[in-house]
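Q: My structure is stored as model.txt, with compact mmCIF, C-alpha atoms.
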# COMPACT_ATOMS: atom_id res chain seq x y z
CA MET K 1 -46.24 37.43 -24.99
CA GLN K 2 -47.71 34.72 -27.15
CA ARG K 3 -47.87 31.20 -25.73
CA GLY K 4 -45.85 29.99 -28.70
CA ALA K 5 -42.80 31.86 -27.43
CA GLU K 6 -42.90 30.10 -24.07
CA THR K 7 -41.04 26.86 -23.40
CA GLY K 8 -42.92 26.17 -20.17
CA ILE K 9 -46.00 27.31 -18.30
CA CYS K 10 -47.38 26.78 -14.82
CA ASP K 11 -50.91 25.48 -15.27
CA LEU K 12 -51.81 24.31 -11.77
CA ASP K 13 -54.65 26.69 -10.92
CA GLY K 14 -57.17 24.07 -11.93
CA ILE K 15 -55.86 21.64 -9.33
CA LEU K 16 -55.64 24.43 -6.74
CA SER K 17 -59.32 25.34 -7.06
CA SER K 18 -60.68 21.87 -7.82
CA THR K 19 -62.92 19.94 -5.41
CA ASN K 20 -62.40 16.72 -7.36
CA PRO K 21 -61.24 14.02 -4.88
CA ALA K 22 -59.02 12.51 -7.57
CA LEU K 23 -56.97 15.70 -7.68
CA ALA K 24 -56.74 16.12 -3.91
CA GLN K 25 -53.66 13.86 -3.81
CA TRP K 26 -51.70 16.57 -5.62
CA LYS K 27 -52.42 19.21 -2.97
CA LYS K 28 -51.11 19.80 0.52
CA GLN K 29 -53.03 22.31 2.56
CA GLY K 30 -51.89 24.11 5.68
CA GLN K 31 -53.88 26.48 7.85
CA ASP K 32 -53.61 29.36 5.38
CA TRP K 33 -51.40 28.02 2.62
CA THR K 34 -51.48 25.39 -0.11
CA VAL K 35 -48.87 23.53 -2.15
CA VAL K 36 -49.86 22.09 -5.52
CA TYR K 37 -47.58 19.43 -7.01
CA ASN K 38 -47.52 19.00 -10.78
CA PRO K 39 -48.63 15.48 -11.82
CA LYS K 40 -46.56 15.86 -15.01
CA SER K 41 -43.32 16.93 -13.29
CA ILE K 42 -40.27 14.97 -12.20
CA THR K 43 -41.08 15.67 -8.57
CA GLY K 44 -44.47 13.98 -8.72
CA LYS K 45 -46.33 12.77 -5.70
CA GLY K 46 -44.31 12.14 -2.55
CA LYS K 47 -40.92 13.11 -4.00
CA LEU K 48 -40.65 16.12 -1.72
CA ASP K 49 -42.62 17.77 1.05
CA VAL K 50 -43.07 21.52 1.57
CA SER K 51 -44.05 22.85 4.99
CA LEU K 52 -44.27 26.18 6.78
CA LEU K 53 -41.56 26.50 9.42
CA HIS K 54 -42.07 30.05 10.74
CA SER K 55 -44.41 32.97 10.07
CA LEU K 56 -42.76 36.27 11.01
CA ASP K 57 -45.15 39.17 11.47
CA HIS K 58 -43.99 42.67 10.59
CA GLY K 59 -45.65 46.03 11.01
CA SER K 60 -45.36 46.90 7.32
CA VAL K 61 -44.76 45.44 3.87
CA VAL K 62 -41.76 43.11 3.78
CA CYS K 63 -39.74 44.32 0.78
CA CYS K 64 -36.83 41.90 0.92
CA VAL K 65 -35.57 38.71 2.54
CA LYS K 66 -32.04 37.25 2.55
CA PHE K 67 -30.29 34.34 4.29
CA SER K 68 -26.77 34.60 5.64
CA ASN K 69 -24.21 32.46 3.81
CA ASP K 70 -23.96 30.03 6.72
CA GLY K 71 -27.74 29.65 6.80
CA GLN K 72 -28.01 30.69 10.45
CA PHE K 73 -29.80 34.01 9.97
CA LEU K 74 -32.57 35.54 7.91
CA ALA K 75 -32.69 39.31 7.38
CA THR K 76 -35.81 41.19 6.31
CA GLY K 77 -36.37 44.78 5.20
CA CYS K 78 -39.56 46.72 5.82
CA ASN K 79 -40.59 50.29 6.70
CA ARG K 80 -37.75 52.00 8.59
CA THR K 81 -36.25 48.80 9.97
CA ALA K 82 -34.31 45.72 8.99
CA GLN K 83 -34.78 42.70 11.22
CA VAL K 84 -32.52 39.71 11.81
CA PHE K 85 -34.00 36.34 12.80
CA ASP K 86 -32.62 32.97 13.77
CA ALA K 87 -33.51 30.99 10.64
CA HIS K 88 -34.14 27.78 12.58
CA THR K 89 -36.08 28.99 15.62
CA GLY K 90 -37.70 32.06 14.08
CA GLN K 91 -36.59 34.16 17.05
CA LYS K 92 -36.02 37.84 16.32
CA LEU K 93 -32.43 38.68 17.24
CA HIS K 94 -31.98 42.31 16.14
CA THR K 95 -33.90 45.29 14.85
CA LEU K 96 -31.83 47.78 12.89
CA THR K 97 -33.39 51.22 12.52
CA ALA K 98 -32.64 53.00 9.27
CA THR K 99 -31.93 56.45 10.71
CA SER K 100 -30.15 55.42 13.91
CA ASP K 101 -26.62 54.36 14.77
CA MET K 102 -27.54 51.71 17.30
CA VAL K 103 -29.45 48.45 17.17
CA GLY K 104 -32.75 48.66 19.00
CA ALA K 105 -32.87 52.47 18.94
CA ALA K 106 -36.22 54.19 19.18
CA GLN K 107 -38.21 54.50 15.99
CA PRO K 108 -37.74 57.80 14.13
CA PRO K 109 -40.69 60.14 13.54
CA SER K 110 -43.53 58.88 11.39
CA GLY K 111 -43.12 58.71 7.63
CA ASP K 112 -42.26 55.95 5.19
CA LEU K 113 -38.65 54.93 4.64
CA TYR K 114 -38.60 51.43 3.23
CA ILE K 115 -35.57 49.16 3.36
CA ARG K 116 -35.55 47.82 -0.21
CA SER K 117 -32.52 45.55 0.05
CA VAL K 118 -30.57 43.59 2.68
CA CYS K 119 -27.36 41.63 2.21
CA PHE K 120 -25.08 39.72 4.58
CA SER K 121 -21.30 39.78 4.35
CA PRO K 122 -19.80 36.38 3.41
CA ASP K 123 -18.73 35.73 7.01
CA SER K 124 -22.24 36.58 8.27
CA THR K 125 -20.90 39.20 10.71
CA SER K 126 -22.20 42.28 8.88
CA LEU K 127 -25.48 43.27 7.28
CA ALA K 128 -25.86 45.92 4.59
CA THR K 129 -29.20 47.69 4.19
CA GLY K 130 -30.25 49.85 1.26
CA ALA K 131 -33.14 52.26 1.58
CA GLU K 132 -35.29 54.91 -0.04
CA ASP K 133 -33.09 57.63 1.50
CA LYS K 134 -30.30 56.68 -0.98
CA VAL K 135 -27.99 55.50 1.84
CA ILE K 136 -26.38 52.09 2.33
CA ARG K 137 -25.76 51.25 5.99
CA VAL K 138 -23.39 48.45 6.97
CA TRP K 139 -24.08 47.04 10.43
CA ASP K 140 -21.86 45.00 12.75
CA ILE K 141 -24.33 42.38 13.93
CA GLN K 142 -22.29 40.97 16.82
CA ASN K 143 -21.35 44.35 18.29
CA ARG K 144 -24.78 45.81 17.60
CA GLN K 145 -23.59 49.00 15.94
CA LEU K 146 -23.39 50.79 12.60
CA ARG K 147 -19.99 50.24 11.01
CA TYR K 148 -20.28 52.83 8.24
CA SER K 149 -22.63 54.44 5.72
CA LEU K 150 -22.17 54.65 1.96
CA ARG K 151 -23.52 57.68 0.11
CA GLY K 152 -23.49 58.55 -3.57
CA HIS K 153 -26.65 57.17 -5.16
CA GLU K 154 -29.12 59.80 -6.25
CA GLN K 155 -32.29 57.69 -5.96
CA ASP K 156 -33.66 54.71 -4.01
CA ILE K 157 -31.37 51.72 -3.55
CA TYR K 158 -33.19 48.63 -4.76
CA SER K 159 -30.61 45.87 -4.62
CA MET K 160 -27.19 44.88 -3.27
CA ASP K 161 -24.83 41.93 -3.46
CA TRP K 162 -21.60 41.20 -1.59
CA SER K 163 -18.63 39.55 -3.30
CA ARG K 164 -17.75 36.11 -1.94
CA ASP K 165 -14.28 37.26 -0.85
CA GLY K 166 -15.85 40.08 1.15
CA ARG K 167 -13.81 42.78 -0.55
CA PHE K 168 -16.56 44.74 -2.25
CA LEU K 169 -20.27 45.47 -2.19
CA VAL K 170 -22.30 46.19 -5.32
CA SER K 171 -25.49 48.27 -5.29
CA GLY K 172 -28.16 49.11 -7.86
CA SER K 173 -30.34 52.21 -7.80
CA GLY K 174 -33.17 53.98 -9.56
CA ASP K 175 -30.55 56.55 -10.62
CA ARG K 176 -29.61 54.14 -13.48
CA SER K 177 -26.28 53.21 -11.93
CA VAL K 178 -24.48 50.25 -10.41
CA ARG K 179 -21.90 51.28 -7.82
CA VAL K 180 -19.03 49.17 -6.55
CA TRP K 181 -17.89 49.92 -2.98
CA ASP K 182 -14.80 48.91 -1.03
CA ALA K 183 -16.15 46.84 1.86
CA THR K 184 -12.82 46.37 3.65
CA ILE K 185 -12.98 49.05 6.33
CA ASN K 186 -9.55 48.10 7.69
CA THR K 187 -7.92 49.54 4.58
CA GLU K 188 -7.36 53.17 3.65
CA SER K 189 -9.98 52.99 0.91
CA GLY K 190 -12.58 51.24 3.06
CA GLY K 191 -16.10 52.49 2.44
CA LYS K 192 -15.19 54.33 -0.76
CA CYS K 193 -16.89 54.03 -4.13
CA LEU K 194 -14.50 52.28 -6.49
CA MET K 195 -16.51 52.25 -9.69
CA VAL K 196 -19.72 53.61 -11.19
CA LEU K 197 -21.34 51.66 -14.01
CA LEU K 198 -23.88 53.81 -15.85
CA ASN K 199 -26.49 52.66 -18.32
CA GLU K 200 -25.76 55.92 -20.15
CA ASP K 201 -22.41 54.36 -21.06
CA ASP K 202 -24.24 51.69 -23.05
CA ARG K 203 -23.58 53.69 -26.20
CA SER K 204 -25.53 51.44 -28.52
CA MET K 205 -28.78 52.38 -26.76
CA GLY K 206 -28.90 56.04 -27.72
CA THR K 207 -30.18 58.72 -25.36
CA GLU K 208 -33.86 57.95 -25.90
CA GLY K 209 -33.55 54.42 -24.52
CA GLN K 210 -31.86 55.54 -21.31
CA LYS K 211 -34.67 57.60 -19.80
CA ASP K 212 -36.20 54.78 -17.75
CA SER K 213 -33.28 52.46 -17.13
CA GLY K 214 -33.22 52.48 -13.32
CA VAL K 215 -31.43 49.45 -11.88
CA THR K 216 -33.79 47.16 -9.97
CA SER K 217 -31.56 44.18 -9.17
CA VAL K 218 -27.86 43.25 -9.11
CA ALA K 219 -26.08 39.91 -8.78
CA ILE K 220 -22.34 39.21 -8.65
CA ASN K 221 -21.08 36.13 -10.47
CA PRO K 222 -20.66 33.55 -7.68
CA ILE K 223 -17.61 31.82 -9.12
CA ASP K 224 -14.93 34.50 -9.12
CA GLY K 225 -16.72 37.83 -8.78
CA ARG K 226 -15.42 39.06 -12.13
CA CYS K 227 -18.75 40.34 -13.41
CA VAL K 228 -22.06 41.68 -12.19
CA ALA K 229 -25.49 41.34 -13.77
CA ALA K 230 -27.92 44.26 -13.50
CA ALA K 231 -31.64 44.22 -14.27
CA SER K 232 -33.29 47.45 -15.33
CA LEU K 233 -36.61 49.15 -15.91
CA ASP K 234 -35.77 49.40 -19.63
CA MET K 235 -36.52 45.64 -20.02
CA LYS K 236 -32.87 44.61 -20.25
CA VAL K 237 -30.24 42.74 -18.26
CA ARG K 238 -26.65 43.94 -18.55
CA VAL K 239 -23.48 42.09 -17.59
CA TRP K 240 -20.52 44.28 -16.63
CA ASP K 241 -16.86 43.30 -16.21
CA LEU K 242 -15.85 44.34 -12.67
CA ARG K 243 -12.16 44.39 -13.61
CA THR K 244 -12.52 46.96 -16.38
CA GLY K 245 -15.97 48.46 -15.91
CA ARG K 246 -16.87 47.49 -19.47
CA LEU K 247 -20.25 46.26 -20.61
CA LEU K 248 -19.82 42.70 -21.86
CA GLU K 249 -23.30 41.58 -22.82
CA ARG K 250 -26.88 42.81 -22.90
CA PHE K 251 -29.85 40.44 -22.77
CA GLU K 252 -33.00 41.60 -24.52
CA GLY K 253 -36.36 39.88 -24.85
CA HIS K 254 -38.62 40.88 -22.00
CA LYS K 255 -41.63 43.01 -22.91
CA ASP K 256 -41.70 45.02 -19.69
CA SER K 257 -39.38 46.10 -16.87
CA VAL K 258 -37.04 43.48 -15.39
CA TYR K 259 -37.32 43.43 -11.60
CA SER K 260 -34.97 40.66 -10.51
CA VAL K 261 -31.93 38.75 -11.71
CA ALA K 262 -29.90 35.85 -10.29
CA PHE K 263 -26.86 33.84 -11.39
CA SER K 264 -26.71 30.07 -11.53
CA GLN K 265 -24.28 28.46 -9.10
CA ASP K 266 -21.75 27.79 -11.87
CA GLY K 267 -21.89 31.44 -12.98
CA ARG K 268 -22.63 30.54 -16.61
CA SER K 269 -26.36 31.32 -16.70
CA LEU K 270 -28.89 33.85 -15.45
CA VAL K 271 -32.58 33.95 -14.63
CA SER K 272 -34.56 37.19 -14.92
CA ALA K 273 -38.04 38.19 -13.71
CA SER K 274 -40.23 40.74 -15.42
CA LEU K 275 -43.42 42.72 -15.17
CA ASP K 276 -44.38 40.99 -18.44
CA LYS K 277 -45.39 38.05 -16.17
CA THR K 278 -42.56 35.79 -17.35
CA LEU K 279 -39.15 34.66 -16.22
CA LYS K 280 -36.34 33.90 -18.66
CA VAL K 281 -33.26 31.72 -18.36
CA TRP K 282 -30.22 32.99 -20.27
CA ASP K 283 -26.80 31.48 -20.98
CA LEU K 284 -23.77 33.76 -21.06
CA SER K 285 -22.30 33.81 -24.55
CA PRO K 286 -19.04 32.02 -25.39
CA GLN K 287 -17.57 35.46 -26.07
CA THR K 288 -18.42 36.71 -22.57
CA LEU K 289 -17.21 33.50 -20.92
CA ALA K 290 -13.93 33.71 -22.86
CA ILE K 291 -13.32 37.28 -21.66
CA LEU K 292 -14.12 36.35 -18.08
CA SER K 293 -11.81 33.33 -18.19
CA ARG K 294 -8.77 35.46 -18.93
CA PRO K 295 -6.58 36.21 -15.90
CA PRO K 296 -7.08 39.80 -14.72
CA GLU K 297 -4.21 42.01 -15.76
CA HIS K 298 -4.39 44.21 -12.70
CA GLY K 299 -6.53 42.16 -10.31
CA ILE K 300 -10.19 42.77 -9.75
CA LEU K 301 -10.82 46.47 -9.17
CA GLN K 302 -7.17 47.22 -8.40
CA HIS K 303 -6.92 49.82 -11.15
CA ALA K 304 -10.34 51.41 -10.62
CA ASN K 305 -10.41 55.10 -9.83
CA PRO K 306 -12.87 56.39 -7.22
CA LEU K 307 -16.05 57.84 -8.75
CA ASN K 308 -14.79 57.14 -12.25
CA ALA K 309 -17.46 56.05 -14.71
CA HIS K 310 -15.81 53.54 -17.02
CA PRO K 311 -17.16 53.73 -20.58
CA SER K 312 -18.13 50.51 -22.31
CA PRO K 313 -16.91 49.61 -25.78
CA PRO K 314 -19.12 50.90 -28.61
CA ALA K 315 -20.58 47.50 -29.44
CA ALA K 316 -21.40 45.23 -26.55
CA LEU K 317 -22.76 41.82 -27.47
CA VAL K 318 -26.57 41.76 -27.61
CA THR K 319 -28.25 38.42 -26.89
CA THR K 320 -31.93 38.01 -27.73
CA ARG K 321 -32.23 34.22 -27.64
CA CYS K 322 -32.87 32.74 -24.21
CA ARG K 323 -32.82 29.12 -23.10
CA HIS K 324 -36.30 29.26 -21.59
CA THR K 325 -39.26 31.58 -21.22
CA TYR K 326 -41.61 30.46 -18.47
CA GLY K 327 -45.13 31.81 -18.15
CA GLY K 328 -48.32 31.13 -16.28
CA HIS K 329 -48.03 33.73 -13.55
CA ARG K 330 -51.19 35.84 -13.56
CA ASN K 331 -49.37 39.00 -12.57
CA TYR K 332 -45.90 40.57 -12.35
CA VAL K 333 -42.95 38.29 -11.56
CA LEU K 334 -41.13 40.24 -8.84
CA SER K 335 -38.30 38.01 -7.62
CA VAL K 336 -36.28 35.00 -8.80
CA ALA K 337 -33.65 32.63 -7.42
CA TYR K 338 -31.43 30.05 -9.15
CA PRO K 339 -30.57 27.15 -6.80
CA GLY K 340 -29.56 25.04 -9.81
CA ALA K 341 -28.79 21.33 -9.96
CA ASN K 342 -27.99 19.41 -6.78
CA ALA K 343 -29.64 22.14 -4.71
CA PRO K 344 -29.47 21.67 -0.92
CA PHE K 345 -33.19 20.95 -0.66
CA ALA K 346 -32.93 18.21 -3.32
CA ARG K 347 -30.39 16.19 -1.29
CA SER K 348 -31.26 13.80 1.51
CA GLN K 349 -29.53 14.17 4.86
CA ASP K 350 -28.37 10.55 4.87
CA GLY K 351 -26.84 10.77 1.40
CA SER K 352 -29.41 8.52 -0.29
CA ARG K 353 -30.64 9.38 -3.76
CA THR K 354 -33.83 11.40 -4.01
CA GLY K 355 -34.21 11.56 -7.79
CA LEU K 356 -34.33 15.34 -7.58
CA GLU K 357 -30.63 16.13 -7.80
CA GLU K 358 -30.63 16.50 -11.57
CA ILE K 359 -33.37 19.11 -11.70
CA GLU K 360 -31.90 22.52 -12.53
CA TRP K 361 -34.04 24.50 -10.13
CA VAL K 362 -35.15 28.08 -10.65
CA VAL K 363 -37.75 29.77 -8.48
CA SER K 364 -40.11 32.67 -9.16
CA ALA K 365 -42.27 34.82 -6.88
CA SER K 366 -45.15 36.91 -8.16
CA LYS K 367 -47.65 39.61 -7.44
CA ASP K 368 -50.26 36.88 -8.00
CA ARG K 369 -49.27 35.65 -4.49
CA SER K 370 -47.64 32.45 -5.74
CA VAL K 371 -44.15 30.95 -5.69
CA THR K 372 -43.29 28.45 -8.44
CA PHE K 373 -40.37 26.01 -8.64
CA TRP K 374 -39.23 25.12 -12.17
CA ASP K 375 -36.80 22.84 -13.97
CA ALA K 376 -34.57 24.98 -16.21
CA LYS K 377 -32.50 22.24 -17.85
CA ALA K 378 -31.76 22.76 -21.51
CA GLY K 379 -34.33 20.79 -23.44
CA ALA K 380 -36.91 20.83 -20.66
CA GLY K 381 -40.53 21.33 -21.67
CA ALA K 382 -41.29 22.62 -25.15
CA ALA K 383 -37.62 23.51 -25.73
CA GLY K 384 -36.93 19.80 -26.14
CA GLY K 385 -40.19 18.97 -27.87
CA GLY K 386 -41.83 17.89 -24.61
CA ASP K 387 -44.89 18.92 -22.68
CA LEU K 388 -45.18 22.67 -22.14
CA THR K 389 -46.71 22.13 -18.70
CA SER K 390 -44.05 19.75 -17.32
CA CYS K 391 -41.42 22.34 -16.36
CA ALA K 392 -43.29 23.71 -13.34
CA GLN K 393 -42.50 21.29 -10.50
CA PHE K 394 -44.80 22.70 -7.84
CA MET K 395 -46.54 25.91 -6.83
CA LEU K 396 -46.97 27.43 -3.38
CA GLN K 397 -49.80 29.78 -2.43
CA GLY K 398 -48.61 30.99 0.96
CA HIS K 399 -49.43 34.69 1.30
CA LYS K 400 -52.47 36.94 1.20
CA ASN K 401 -50.76 39.59 -0.90
CA SER K 402 -47.92 39.96 -3.43
CA VAL K 403 -44.80 37.86 -2.86
CA ILE K 404 -42.20 40.58 -3.30
CA SER K 405 -39.02 38.72 -2.45
CA ILE K 406 -37.74 35.16 -2.28
CA ALA K 407 -34.46 33.81 -0.88
CA MET K 408 -32.94 30.33 -0.76
CA SER K 409 -30.72 29.00 2.00
CA ALA K 410 -27.36 27.89 0.65
CA THR K 411 -26.88 25.22 3.31
CA GLU K 412 -30.14 23.31 3.66
CA GLY K 413 -33.71 22.95 2.47
CA LEU K 414 -35.04 26.31 3.64
CA PHE K 415 -36.43 29.18 1.62
CA ALA K 416 -37.99 32.48 2.69
CA THR K 417 -40.66 34.75 1.25
CA GLY K 418 -41.46 38.40 1.93
CA SER K 419 -44.89 39.78 1.16
CA GLY K 420 -47.22 42.73 1.03
CA ASP K 421 -49.32 40.96 3.67
CA LEU K 422 -46.84 42.28 6.30
CA ARG K 423 -45.26 38.87 6.81
CA ALA K 424 -42.06 37.04 6.05
CA ARG K 425 -42.23 33.27 6.09
CA ILE K 426 -39.62 30.54 6.32
CA TRP K 427 -40.46 27.30 4.52
CA LYS K 428 -38.81 23.89 4.61
CA ILE K 429 -38.44 21.41 1.74
CA THR K 430 -37.81 17.80 2.68
CA PRO K 431 -37.00 15.34 -0.13
CA GLY K 432 -38.17 11.74 -0.07
CA ARG K 433 -36.14 8.67 -0.93
CA GLN K 434 -35.89 7.56 -4.54
CA GLU K 435 -38.15 4.57 -5.09
Using the file provided, produce a representation of the structure as structure tokens.
A:
Amino acid sequence: MQRGAETGICDLDGILSSTNPALAQWKKQGQDWTVVYNPKSITGKGKLDVSLLHSLDHGSVVCCVKFSNDGQFLATGCNRTAQVFDAHTGQKLHTLTATSDMVGAAQPPSGDLYIRSVCFSPDSTSLATGAEDKVIRVWDIQNRQLRYSLRGHEQDIYSMDWSRDGRFLVSGSGDRSVRVWDATINTESGGKCLMVLLNEDDRSMGTEGQKDSGVTSVAINPIDGRCVAAASLDMKVRVWDLRTGRLLERFEGHKDSVYSVAFSQDGRSLVSASLDKTLKVWDLSPQTLAILSRPPEHGILQHANPLNAHPSPPAALVTTRCRHTYGGHRNYVLSVAYPGANAPFARSQDGSRTGLEEIEWVVSASKDRSVTFWDAKAGAGAAGGGDLTSCAQFMLQGHKNSVISIAMSATEGLFATGSGDLRARIWKITPGRQE
């Protein structure tokens, strides 16, 4: 992508590698990690502090990390196991083996079976794991047992998200489908597939464009759960109505596969990460927001038939104009998060102003081993005629291999990273007082 198309870039490598004493004030170095603060950003020097809280060694690549909604636990997925840690002490609490029914069971025979996705239930009592064997397993953490398994995907499961009311679980797979599952096992339909959303039903694409449209990431709208966003290998992000199964909007603009997607906290915007080395911030169209604001005629999913693929209307809205395109990563962008304005890590514990509350935070993790925190406000950087390099707030170099997954705590200033260096790490952000 040409630089002219970007509204912001991260250009902090010069400070990272510099031996100039004048630039040393913008760096914080740990034993094997470095944070570089952007002199041109709102955060500036001393506005916040980033530190390593825990380094969690694994025996294989850490494919995914996820905090529980209450912030107490961190789950990780690696080869054949998912692990649950106390987010504050770093203590390992549980090991869940992909092919067993019991927590702590003996490892299965040798051979790779990576856990690609982990997701806590809203009440933090259950953990769903999605793996290369096409099976979703839902674990009861407290009772240390497998609650149920969900089968139906025909390829690896790459991503999952749980609705805030706990009623359903959404999964995305390389088989080009998003599946919606009943997660209420105390009902007659518990554990059943309620809806299948197929990229083949995006009729405007034609058959040629559907060959490589595996779903890499899913995210449920956090406000009311009425829609789900799905990122795909075909360079697009699709937003589906979970009440009707219809495709509402398709976002186009990336030049390579989209590997991650996340909603803003108000549910009106998205951030996407791509192998084209950029991340993009999108706003849902007024048309989509108007449809989603209408009261559901039958309630969410109440009318869905099991295993029924709901066709989309012939002409879904196609959006090609994004709010921001951020570049500067030297390799694939693999994971994104959207903490948004007034993020937990931007607030002080005593309620005093930090000057960081107004930043609309988005975060990207890359194969270049870096994590970058950005300001995604409308008008930030070149989008508002400002400095192209001012959007990146700070950059973290904290792993020796690709940063595959990033997760933000919803309750405090913690974030986690999972990497190809066989480690997951928990980091803490502490804001300073506003001067």
Q: If you count only C-alpha atoms, which residues fall within 7 Å of range 10-18 of chain K, apart from same-chain ones fewer than 3 positions away, as a PDB file with C-alpha atoms, in the frame of the given file?
A:
ATOM      1  CA  LEU K  23     -56.970  15.700  -7.680  1.00  0.00           C
ATOM      2  CA  VAL K  36     -49.860  22.090  -5.520  1.00  0.00           C
ATOM      3  CA  ASN K  38     -47.520  19.000 -10.780  1.00  0.00           C
ATOM      4  CA  GLY K 327     -45.130  31.810 -18.150  1.00  0.00           C
ATOM      5  CA  GLY K 328     -48.320  31.130 -16.280  1.00  0.00           C
ATOM      6  CA  THR K 389     -46.710  22.130 -18.700  1.00  0.00           C
ATOM      7  CA  ALA K 392     -43.290  23.710 -13.340  1.00  0.00           C
TER       8      ALA K 392
END
Q: Between CA of Asp421 in chain K and CA of Asn401 in chain K, what is the distance in Å, rounded to a tenth?
A: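 About the pair CA of Asp421 in chain K and CA of Asn401 in chain K: they are 5.0 Å apart.
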Q: Measuring atom to atom with all atoms listed in the file, identify which of K:Arg164, K:Lys47, K:Arg294, K:Lys377 is nearest to Gly432 in chain K.
A: K:Lys47
Q: Would you mind telling me which residue in K:Met160, K:Ala416, K:Ile429, K:Ala343 lies nearest to Gly398 in chain K when using all atoms listed in the file?
A: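 Closest residue, counting all atoms listed in the file: K:Ala416.
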Q: By how many Å are CA of Ile426 in chain K and CA of Ser124 in chain K apart?
A: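 Separation of CA of Ile426 in chain K and CA of Ser124 in chain K: 18.5 Å.
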Q: Point out the residue among K:Ala376, K:Asp266, K:Ala407, K:Ser402 with the least atom-to-atom distance to His329 in chain K, counting all atoms listed in the file.
A: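 The shortest atom-to-atom distance to His329 in chain K comes from K:Ser402.
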Q: Considering all atoms listed in the file, can you say which of K:Val215, K:Cys64, K:Ala22, K:Leu127 comes closest to Leu96 in chain K?
A: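 Residue with the minimum atom-to-atom distance to Leu96 in chain K: K:Leu127.
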Q: To one decimal in Å, tell me the separation between CA of Asp182 in chain K and CA of Leu198 in chain K.
A: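 These atoms are spaced 18.1 Å apart.
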Q: Using all atoms listed in the file, give me every residue within 10 Å of (-36.8, 34.7, 16.0) in file coordinates, as a ChimeraX atom specification.
A: /K:54-56,73-74,83-94
Q: Can you list, as an MDAnalysis selection string, every protein, DNA or RNA residue that comes within 10 Å of Leu334 in chain K when you count only C-alpha atoms, leaving out same-chain residues fewer than 2 positions away?
A: chainID K and resid 258:261 272:275 277:279 331:332 336 364:368 402:406
Q: Rank K:Leu194, K:Ile359, K:Leu146, K:Ala382 by their smallest atom-to-atom distance to Arg167 in chain K, using only C-alpha atoms, and report the top residue only.
A: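 Nearest to Arg167 in chain K: K:Leu194.
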Q: Skip Ser217 in chain K itself and residues of its chain fewer than 3 positions away, then list as a PDB file with C-alpha atoms, keeping the file's coordinate frame all residues within 10 Å of it, counting only C-alpha atoms.
A:
ATOM      1  CA  SER K 117     -32.520  45.550   0.050  1.00  0.00           C
ATOM      2  CA  ILE K 157     -31.370  51.720  -3.550  1.00  0.00           C
ATOM      3  CA  TYR K 158     -33.190  48.630  -4.760  1.00  0.00           C
ATOM      4  CA  SER K 159     -30.610  45.870  -4.620  1.00  0.00           C
ATOM      5  CA  MET K 160     -27.190  44.880  -3.270  1.00  0.00           C
ATOM      6  CA  ASP K 161     -24.830  41.930  -3.460  1.00  0.00           C
ATOM      7  CA  SER K 171     -25.490  48.270  -5.290  1.00  0.00           C
ATOM      8  CA  GLY K 172     -28.160  49.110  -7.860  1.00  0.00           C
ATOM      9  CA  SER K 173     -30.340  52.210  -7.800  1.00  0.00           C
ATOM     10  CA  GLY K 174     -33.170  53.980  -9.560  1.00  0.00           C
ATOM     11  CA  VAL K 178     -24.480  50.250 -10.410  1.00  0.00           C
ATOM     12  CA  GLY K 214     -33.220  52.480 -13.320  1.00  0.00           C
ATOM     13  CA  ALA K 229     -25.490  41.340 -13.770  1.00  0.00           C
ATOM     14  CA  ALA K 230     -27.920  44.260 -13.500  1.00  0.00           C
ATOM     15  CA  ALA K 231     -31.640  44.220 -14.270  1.00  0.00           C
ATOM     16  CA  SER K 232     -33.290  47.450 -15.330  1.00  0.00           C
ATOM     17  CA  LEU K 233     -36.610  49.150 -15.910  1.00  0.00           C
ATOM     18  CA  VAL K 237     -30.240  42.740 -18.260  1.00  0.00           C
ATOM     19  CA  VAL K 258     -37.040  43.480 -15.390  1.00  0.00           C
ATOM     20  CA  TYR K 259     -37.320  43.430 -11.600  1.00  0.00           C
ATOM     21  CA  SER K 260     -34.970  40.660 -10.510  1.00  0.00           C
ATOM     22  CA  VAL K 261     -31.930  38.750 -11.710  1.00  0.00           C
ATOM     23  CA  ALA K 262     -29.900  35.850 -10.290  1.00  0.00           C
ATOM     24  CA  SER K 272     -34.560  37.190 -14.920  1.00  0.00           C
ATOM     25  CA  ALA K 273     -38.040  38.190 -13.710  1.00  0.00           C
ATOM     26  CA  SER K 335     -38.300  38.010  -7.620  1.00  0.00           C
TER      27      SER K 335
END
Q: Smallest atom-to-atom distance to Gly267 in chain K: which of K:Met235, K:Cys227, K:Ile136, K:Val180, using all atoms listed in the file?
A: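 Closest to Gly267 in chain K of all the choices is K:Cys227.
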Q: Given 5 Å of margin on each side, can you work out the centre and size in Å (one decimal) of an axis-aligned box holding every listed atom of range 354-359 of chain K, as JSON?
A:
{"center_x": -32.5, "center_y": 15.3, "center_z": -7.9, "size_x": 13.7, "size_y": 17.7, "size_z": 17.7}
Q: Would you list the residues near (-20.5, 47.2, -4.5) (no more than 6 Å away, in the coordinates of the file, using all atoms listed in the file) as a VMD selection string?
A: chain K and resid 168 to 171 179 to 181
Q: For Arg226 in chain K, find every residue with an atom within 9 Å (counting all atoms listed in the file), except residues of its own chain fewer than 3 positions away, and show them as an MDAnalysis selection string.
A: chainID K and resid 220:223 240:243 292 296 300
Q: Any idea what's packed within 8 Å of Thr129 in chain K, counting all atoms listed in the file, ignoring anything in its chain fewer than 4 positions away? Could you give it as a list in words?
A: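 Contacts, with the query itself left out: Gly77, Ala82, Ile115, Arg116, Ser117, Val118, Cys119, Ile136, Arg137 and Val138 of chain K.
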